[in-house]
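Enquirer: Below is the file run.cif, which contains mmCIF, C-alpha atoms and all ligand atoms.
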```
data_run
loop_
_atom_site.label_atom_id
_atom_site.label_comp_id
_atom_site.auth_asym_id
_atom_site.auth_seq_id
_atom_site.Cartn_x
_atom_site.Cartn_y
_atom_site.Cartn_z
CA MET A 1 -65.11 3.52 -49.52
CA ARG A 2 -61.52 3.42 -48.21
CA ILE A 3 -59.54 6.51 -47.24
CA PHE A 4 -55.81 6.74 -46.43
CA ASP A 5 -54.63 9.48 -44.05
CA THR A 6 -51.17 9.84 -45.56
CA HIS A 7 -49.75 12.12 -42.89
CA CYS A 8 -50.59 12.28 -39.20
CA HIS A 9 -48.59 12.56 -36.00
CA LEU A 10 -50.04 10.10 -33.50
CA ALA A 11 -47.32 10.94 -30.98
CA LEU A 12 -48.15 14.65 -31.07
CA LEU A 13 -51.89 13.96 -30.99
CA TYR A 14 -51.80 11.80 -27.85
CA GLU A 15 -49.02 10.72 -25.56
CA ASP A 16 -50.69 7.66 -24.17
CA PRO A 17 -50.93 4.49 -26.27
CA VAL A 18 -54.59 3.87 -25.42
CA SER A 19 -55.67 7.22 -26.89
CA GLN A 20 -53.50 6.67 -29.95
CA ILE A 21 -55.18 3.31 -30.63
CA ARG A 22 -58.61 4.86 -29.97
CA ALA A 23 -57.99 7.55 -32.61
CA ILE A 24 -56.95 4.87 -35.12
CA ASP A 25 -60.05 2.75 -34.36
CA GLU A 26 -62.37 5.75 -34.56
CA ALA A 27 -60.99 6.62 -38.00
CA LYS A 28 -61.25 3.03 -39.23
CA ARG A 29 -64.93 2.83 -38.27
CA GLU A 30 -65.60 5.80 -40.58
CA GLY A 31 -63.67 4.36 -43.53
CA VAL A 32 -60.24 5.87 -42.85
CA VAL A 33 -58.76 2.40 -42.99
CA ALA A 34 -55.05 3.22 -43.38
CA ILE A 35 -52.77 5.73 -41.72
CA ALA A 36 -49.20 6.90 -42.22
CA ASN A 37 -47.78 7.98 -38.89
CA ILE A 38 -45.08 10.54 -39.59
CA ALA A 39 -42.11 11.10 -37.29
CA THR A 40 -40.67 14.50 -36.45
CA ASN A 41 -38.07 13.30 -33.95
CA LEU A 42 -36.59 9.97 -32.90
CA TYR A 43 -38.00 9.85 -29.38
CA ASP A 44 -41.55 10.12 -30.71
CA PHE A 45 -40.80 7.64 -33.46
CA PHE A 46 -39.49 4.91 -31.16
CA THR A 47 -42.17 5.29 -28.49
CA CYS A 48 -45.07 5.54 -30.91
CA TYR A 49 -43.74 2.71 -33.07
CA LYS A 50 -43.56 0.47 -30.03
CA ASN A 51 -47.18 1.30 -29.17
CA THR A 52 -48.67 0.86 -32.61
CA LYS A 53 -46.39 -1.40 -34.64
CA ASN A 54 -48.81 -4.31 -34.54
CA VAL A 55 -51.90 -2.35 -35.56
CA PRO A 56 -52.97 -3.41 -39.07
CA ASN A 57 -52.76 -0.73 -41.81
CA VAL A 58 -50.77 1.71 -39.69
CA PHE A 59 -47.49 2.53 -41.38
CA HIS A 60 -44.61 4.64 -40.11
CA THR A 61 -41.92 6.95 -41.37
CA VAL A 62 -38.75 7.89 -39.53
CA GLY A 63 -36.79 11.09 -39.87
CA LEU A 64 -35.92 14.40 -38.30
CA SER A 65 -37.89 17.52 -39.13
CA PRO A 66 -36.00 20.81 -39.59
CA SER A 67 -36.70 21.75 -35.95
CA GLU A 68 -34.27 19.01 -34.87
CA VAL A 69 -31.33 20.56 -36.68
CA ILE A 70 -30.36 22.64 -33.66
CA ASN A 71 -29.50 19.75 -31.40
CA PRO A 72 -30.04 16.34 -33.00
CA ILE A 73 -29.54 13.36 -30.73
CA LYS A 74 -26.29 11.41 -30.85
CA ASP A 75 -25.91 8.87 -33.66
CA TRP A 76 -29.13 10.04 -35.29
CA GLU A 77 -28.13 8.75 -38.71
CA GLU A 78 -27.47 5.22 -37.44
CA LYS A 79 -30.75 5.28 -35.52
CA ILE A 80 -32.75 6.28 -38.60
CA GLU A 81 -31.01 3.60 -40.64
CA GLU A 82 -31.78 0.97 -38.03
CA ALA A 83 -35.47 2.01 -37.89
CA LEU A 84 -35.73 1.77 -41.67
CA THR A 85 -35.20 -1.99 -41.37
CA TYR A 86 -38.24 -2.44 -39.09
CA PRO A 87 -41.54 -3.85 -40.41
CA ASN A 88 -44.02 -1.24 -41.68
CA VAL A 89 -41.48 1.57 -41.68
CA ILE A 90 -42.15 2.82 -45.17
CA GLY A 91 -40.32 6.10 -45.65
CA VAL A 92 -38.03 8.86 -44.45
CA GLY A 93 -39.79 11.87 -42.99
CA GLU A 94 -40.71 14.33 -42.33
CA ILE A 95 -37.64 16.11 -43.59
CA GLY A 96 -37.16 19.42 -45.33
CA LEU A 97 -36.72 23.13 -44.88
CA ASP A 98 -38.52 25.59 -42.63
CA TYR A 99 -37.40 29.20 -42.95
CA PHE A 100 -40.52 30.48 -41.19
CA HIS A 101 -39.28 29.19 -37.85
CA LYS A 102 -35.60 29.89 -38.63
CA TYR A 103 -34.30 26.69 -37.07
CA GLY A 104 -30.53 26.97 -37.10
CA ASP A 105 -29.14 28.74 -40.14
CA ARG A 106 -30.03 28.12 -43.76
CA ASN A 107 -26.90 26.12 -44.54
CA SER A 108 -27.26 23.76 -41.62
CA GLN A 109 -30.92 23.11 -42.53
CA ILE A 110 -29.90 22.33 -46.10
CA GLU A 111 -27.11 20.00 -45.03
CA PHE A 112 -29.41 18.20 -42.57
CA PHE A 113 -32.05 17.80 -45.27
CA ILE A 114 -29.64 16.49 -47.91
CA ARG A 115 -28.13 13.97 -45.50
CA GLN A 116 -31.60 12.48 -44.96
CA LEU A 117 -32.39 12.48 -48.68
CA GLU A 118 -29.24 10.37 -49.04
CA ILE A 119 -30.38 7.92 -46.37
CA ALA A 120 -33.73 7.54 -48.16
CA ASP A 121 -31.94 6.77 -51.43
CA LYS A 122 -29.62 4.29 -49.75
CA PHE A 123 -32.61 2.37 -48.33
CA ASN A 124 -34.85 2.80 -51.40
CA LYS A 125 -37.53 4.56 -49.35
CA PRO A 126 -39.80 7.41 -50.39
CA VAL A 127 -39.45 10.76 -48.64
CA VAL A 128 -42.03 12.88 -46.82
CA LEU A 129 -41.14 16.51 -47.42
CA HIS A 130 -41.85 19.58 -45.32
CA ASN A 131 -41.53 23.02 -46.90
CA ARG A 132 -42.31 26.30 -45.21
CA GLN A 133 -41.21 29.52 -46.87
CA ALA A 134 -38.31 27.70 -48.46
CA GLY A 135 -39.81 26.80 -51.83
CA SER A 136 -36.99 27.90 -54.09
CA ASP A 137 -34.23 26.15 -52.09
CA MET A 138 -36.45 23.08 -51.81
CA LEU A 139 -36.89 22.91 -55.58
CA ASP A 140 -33.20 23.47 -56.29
CA ILE A 141 -32.19 20.69 -53.92
CA LEU A 142 -34.80 18.24 -55.20
CA LYS A 143 -33.82 18.95 -58.80
CA SER A 144 -30.17 18.26 -58.13
CA LYS A 145 -30.95 15.20 -56.00
CA VAL A 146 -34.21 13.72 -57.24
CA PRO A 147 -35.40 11.21 -54.61
CA SER A 148 -34.88 7.84 -56.29
CA SER A 149 -37.89 6.21 -54.64
CA GLY A 150 -40.16 9.22 -54.97
CA GLY A 151 -42.19 10.70 -52.17
CA VAL A 152 -44.63 13.41 -51.26
CA LEU A 153 -44.55 17.12 -50.52
CA HIS A 154 -46.92 17.26 -47.58
CA CYS A 155 -49.29 20.07 -46.59
CA PHE A 156 -48.99 21.67 -49.99
CA SER A 157 -49.18 25.45 -49.66
CA GLU A 158 -47.47 26.89 -52.75
CA ASP A 159 -48.96 27.86 -56.12
CA THR A 160 -49.93 25.85 -59.20
CA ASP A 161 -46.64 26.46 -61.00
CA PHE A 162 -44.73 25.09 -58.02
CA ALA A 163 -47.06 22.07 -57.84
CA PHE A 164 -46.30 21.10 -61.42
CA LYS A 165 -42.56 21.43 -60.81
CA ILE A 166 -42.85 19.00 -57.90
CA ILE A 167 -44.93 16.58 -59.96
CA ASP A 168 -42.39 16.75 -62.79
CA LEU A 169 -39.86 15.32 -60.34
CA GLY A 170 -42.08 12.25 -59.87
CA LEU A 171 -43.36 13.37 -56.48
CA TYR A 172 -46.90 13.68 -55.13
CA ILE A 173 -48.43 16.73 -53.53
CA SER A 174 -50.65 16.28 -50.49
CA PHE A 175 -53.47 18.52 -49.27
CA ALA A 176 -54.20 18.94 -45.57
CA GLY A 177 -57.17 20.48 -43.75
CA ASN A 178 -56.26 23.99 -44.84
CA LEU A 179 -57.65 23.08 -48.27
CA THR A 180 -61.10 23.51 -46.69
CA PHE A 181 -60.49 27.08 -45.52
CA ARG A 182 -62.81 29.42 -47.37
CA ASN A 183 -60.06 31.96 -48.03
CA ALA A 184 -57.59 29.40 -49.40
CA LYS A 185 -58.40 30.38 -53.00
CA ASN A 186 -54.83 29.73 -54.12
CA LEU A 187 -54.97 26.14 -52.84
CA HIS A 188 -58.38 25.61 -54.46
CA ASP A 189 -56.87 26.66 -57.79
CA VAL A 190 -53.99 24.24 -57.33
CA ALA A 191 -56.36 21.38 -56.49
CA ARG A 192 -58.43 22.07 -59.61
CA ALA A 193 -55.39 22.33 -61.88
CA VAL A 194 -53.30 19.35 -60.79
CA PRO A 195 -54.20 15.90 -62.19
CA ILE A 196 -55.88 13.74 -59.56
CA GLU A 197 -53.28 11.01 -60.16
CA ASN A 198 -50.67 13.24 -58.50
CA ILE A 199 -52.63 14.15 -55.37
CA LEU A 200 -52.79 12.69 -51.86
CA ILE A 201 -54.74 13.86 -48.82
CA GLU A 202 -53.72 13.97 -45.17
CA THR A 203 -54.71 15.43 -41.81
CA ASP A 204 -51.28 16.45 -40.46
CA SER A 205 -53.08 15.95 -37.16
CA PRO A 206 -53.05 17.39 -34.56
CA PHE A 207 -52.50 20.46 -36.79
CA LEU A 208 -54.48 22.09 -39.62
CA THR A 209 -57.97 21.12 -38.52
CA PRO A 210 -60.50 21.37 -41.39
CA HIS A 211 -62.87 24.34 -41.39
CA ALA A 212 -65.85 22.36 -40.05
CA TYR A 213 -64.00 21.44 -36.85
CA ARG A 214 -62.03 24.62 -36.30
CA GLY A 215 -60.97 25.10 -32.70
CA LYS A 216 -60.57 21.36 -32.15
CA ARG A 217 -57.36 19.38 -32.38
CA ASN A 218 -57.20 17.61 -35.70
CA LYS A 219 -57.41 13.80 -35.78
CA PRO A 220 -57.40 11.18 -38.55
CA VAL A 221 -61.20 10.84 -38.83
CA PHE A 222 -61.45 14.54 -39.76
CA ILE A 223 -59.76 13.78 -43.09
CA LEU A 224 -63.27 13.06 -44.42
CA GLU A 225 -63.92 16.84 -44.54
CA THR A 226 -60.86 17.43 -46.70
CA PHE A 227 -61.83 14.46 -48.86
CA ARG A 228 -65.37 15.77 -49.49
CA TYR A 229 -64.07 19.25 -50.19
CA LEU A 230 -61.62 17.90 -52.76
CA ALA A 231 -64.40 15.86 -54.39
CA GLN A 232 -66.38 19.07 -54.86
CA LEU A 233 -63.42 21.04 -56.20
CA LYS A 234 -62.55 18.34 -58.70
CA GLY A 235 -66.15 17.43 -59.56
CA ILE A 236 -65.34 13.74 -59.09
CA PRO A 237 -67.90 11.39 -57.45
CA GLU A 238 -66.78 10.45 -53.95
CA GLU A 239 -66.58 6.68 -54.54
CA GLU A 240 -64.40 7.20 -57.58
CA LEU A 241 -62.21 9.78 -55.88
CA ALA A 242 -61.68 7.52 -52.85
CA THR A 243 -60.48 4.69 -55.08
CA ILE A 244 -58.04 6.93 -56.98
CA LEU A 245 -56.62 8.55 -53.83
CA PHE A 246 -56.18 5.18 -52.13
CA GLU A 247 -54.26 3.83 -55.13
CA ASN A 248 -52.13 6.99 -55.20
CA SER A 249 -51.31 6.56 -51.50
CA LEU A 250 -50.16 2.97 -51.96
CA LYS A 251 -48.03 3.96 -54.95
CA ALA A 252 -46.48 6.97 -53.20
CA TYR A 253 -45.47 4.88 -50.19
CA LYS A 254 -44.69 1.72 -52.16
CA ILE A 255 -47.20 -0.33 -50.20
CA LYS A 256 -48.55 -3.44 -51.91
CA SER A 257 -52.32 -3.88 -51.87
CA TYR A 258 -51.93 -7.24 -50.10
CA GLU A 259 -50.28 -5.40 -47.20
CA ILE A 260 -53.63 -3.73 -46.49
CA SER A 261 -56.11 -5.84 -44.55
ZN ZN B 1 -46.44 16.89 -40.36
#
```
Any chance you could give the structure as structure tokens?

Expert:
Amino acid sequence: MRIFDTHCHLALLYEDPVSQIRAIDEAKREGVVAIANIATNLYDFFTCYKNTKNVPNVFHTVGLSPSEVINPIKDWEEKIEEALTYPNVIGVGEIGLDYFHKYGDRNSQIEFFIRQLEIADKFNKPVVLHNRQAGSDMLDILKSKVPSSGGVLHCFSEDTDFAFKIIDLGLYISFAGNLTFRNAKNLHDVARAVPIENILIETDSPFLTPHAYRGKRNKPVFILETFRYLAQLKGIPEEELATILFENSLKAYKIKSYEIS
């Protein structure tokens, strides 16, 4: 059985390279054989990429999350574009809108987001999308600027109707550890309703630790809890589900199967 953690933040999980590699190895031993390491800022991207770029089956995205809108570093667009030419840099993210934290004002968040959607299109890379309390603006923007290489709305937390609108745009939705929360009835409904071909799973580590490990910092190996929970919700045997989700992950990130060792 092979599992793909499609969204984790190695740089936020551990600062030192040895611990980052240890978390990757621990996950691999349990069948979590591939990882997408998602950037939130450029400092973390460049340091973590340097540490882990030669680790097989670890892929990277580069981008600025909405929190960076307030004071992005100089020449950030050129730096993202340069990073997109590096080996194993597979997408632009995470990018999006976050009205919960009220970073900057709404217009500057939107402008920042659209600029990065344009970079993704220019480099034919999928996008990794972050949405928090900004669903209607997110949908409007995506509809008017459908990402040409697709992508994924990570840590899905909206309702079923919203999920289908995202899927209609050719994007995937991804469930994180909060799927396993007993009171997440809304998310359980979404997971049951959406076709399995449109779903990915992720840890978003160090955040959103699954129910079974609550109180601990989340790490890639904990994705197995979310995986088993999804198998139960969907009534799909685990072996079969693992195969489908792995294929979905490769498709979403445009990774060829021969690139996985
Ligand atoms: Zn994230």

Enquirer: Using all atoms listed in the file, which of A:Gly151, A:Pro206, A:Gly177, A:Gly104 sits nearest ligand ZN 1 (chain B)?

Expert: A:Pro206

Enquirer: Calculate how many Å separate CA of Leu117 (chain A) from CA of Thr160 (chain A), rounding to one decimal.

Expert: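 Separating CA of Leu117 (chain A) from CA of Thr160 (chain A) is a distance of 24.4 Å.
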
Enquirer: Which one is closest to Gly235 (chain A): A:Lys79, A:Arg192, A:Arg214, A:His60? Count all atoms listed in the file.

Expert: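 For Gly235 (chain A), the nearest of the given residues is A:Arg192.
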
Enquirer: Write out as JSON lines a residue-level contact list of region 35-114 of chain A versus region 9-20 of chain A with cut-off 9 Å: for each qualifying residue the closest pair of atoms and the distance in Å to one decimal, counting all atoms listed in the file, rows sorted by chain and residue number upward.

Expert:
```
{"residue": "A:Ala36", "atom": "CA", "partner": "A:His9", "partner_atom": "CA", "distance": 8.4}
{"residue": "A:Asn37", "atom": "CA", "partner": "A:His9", "partner_atom": "CA", "distance": 5.5}
{"residue": "A:Ile38", "atom": "CA", "partner": "A:His9", "partner_atom": "CA", "distance": 5.4}
{"residue": "A:Ala39", "atom": "CA", "partner": "A:His9", "partner_atom": "CA", "distance": 6.8}
{"residue": "A:Thr40", "atom": "CA", "partner": "A:His9", "partner_atom": "CA", "distance": 8.2}
{"residue": "A:Asp44", "atom": "CA", "partner": "A:Ala11", "partner_atom": "CA", "distance": 5.8}
{"residue": "A:Phe45", "atom": "CA", "partner": "A:Ala11", "partner_atom": "CA", "distance": 7.7}
{"residue": "A:Thr47", "atom": "CA", "partner": "A:Ala11", "partner_atom": "CA", "distance": 8.0}
{"residue": "A:Cys48", "atom": "CA", "partner": "A:Ala11", "partner_atom": "CA", "distance": 5.9}
{"residue": "A:Asn51", "atom": "CA", "partner": "A:Pro17", "partner_atom": "CA", "distance": 5.7}
{"residue": "A:Thr52", "atom": "CA", "partner": "A:Pro17", "partner_atom": "CA", "distance": 7.6}
```

Enquirer: Can you work out which one of A:Thr243, A:Asn41, A:Asn88, A:Thr180 has the shortest atom-to-atom distance to Asn54 (chain A), counting all atoms listed in the file?

Expert: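 Closest to Asn54 (chain A) of all the choices is A:Asn88.
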
Enquirer: Which is closest to Glu68 (chain A) among A:Thr85, A:Gln109, A:Gln133, A:Ser144, if we use all atoms listed in the file?

Expert: A:Gln109

Enquirer: Got a sec to check which residues lie within 9 Å of ligand ZN 1 (chain B), using only C-alpha atoms and all ligand atoms, and send them as a list in words?

Expert: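 The neighbouring residues of ligand ZN 1 (chain B) are, in order, His7, Cys8, His9, Ile38, Ala39, Thr40, Ser65, Gly93, Glu94, Val128, Leu129, His130, His154, Cys155, Thr203, Asp204, Ser205, Pro206 and Phe207 of chain A.
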
Enquirer: Write out the residues from the selection above, keeping C-alpha atoms, as a PDB file, in the coordinates of the input.

Expert:
```
ATOM      1  CA  HIS A   7     -49.750  12.120 -42.890  1.00  0.00           C
ATOM      2  CA  CYS A   8     -50.590  12.280 -39.200  1.00  0.00           C
ATOM      3  CA  HIS A   9     -48.590  12.560 -36.000  1.00  0.00           C
ATOM      4  CA  ILE A  38     -45.080  10.540 -39.590  1.00  0.00           C
ATOM      5  CA  ALA A  39     -42.110  11.100 -37.290  1.00  0.00           C
ATOM      6  CA  THR A  40     -40.670  14.500 -36.450  1.00  0.00           C
ATOM      7  CA  SER A  65     -37.890  17.520 -39.130  1.00  0.00           C
ATOM      8  CA  GLY A  93     -39.790  11.870 -42.990  1.00  0.00           C
ATOM      9  CA  GLU A  94     -40.710  14.330 -42.330  1.00  0.00           C
ATOM     10  CA  VAL A 128     -42.030  12.880 -46.820  1.00  0.00           C
ATOM     11  CA  LEU A 129     -41.140  16.510 -47.420  1.00  0.00           C
ATOM     12  CA  HIS A 130     -41.850  19.580 -45.320  1.00  0.00           C
ATOM     13  CA  HIS A 154     -46.920  17.260 -47.580  1.00  0.00           C
ATOM     14  CA  CYS A 155     -49.290  20.070 -46.590  1.00  0.00           C
ATOM     15  CA  THR A 203     -54.710  15.430 -41.810  1.00  0.00           C
ATOM     16  CA  ASP A 204     -51.280  16.450 -40.460  1.00  0.00           C
ATOM     17  CA  SER A 205     -53.080  15.950 -37.160  1.00  0.00           C
ATOM     18  CA  PRO A 206     -53.050  17.390 -34.560  1.00  0.00           C
ATOM     19  CA  PHE A 207     -52.500  20.460 -36.790  1.00  0.00           C
TER      20      PHE A 207
END
```

Enquirer: Which one of A:Phe227, A:Phe162, A:Tyr253, A:Phe100 sits closest to Ile35 (chain A) if you count all atoms listed in the file?

Expert: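 Under the stated criterion, the closest residue is A:Tyr253.
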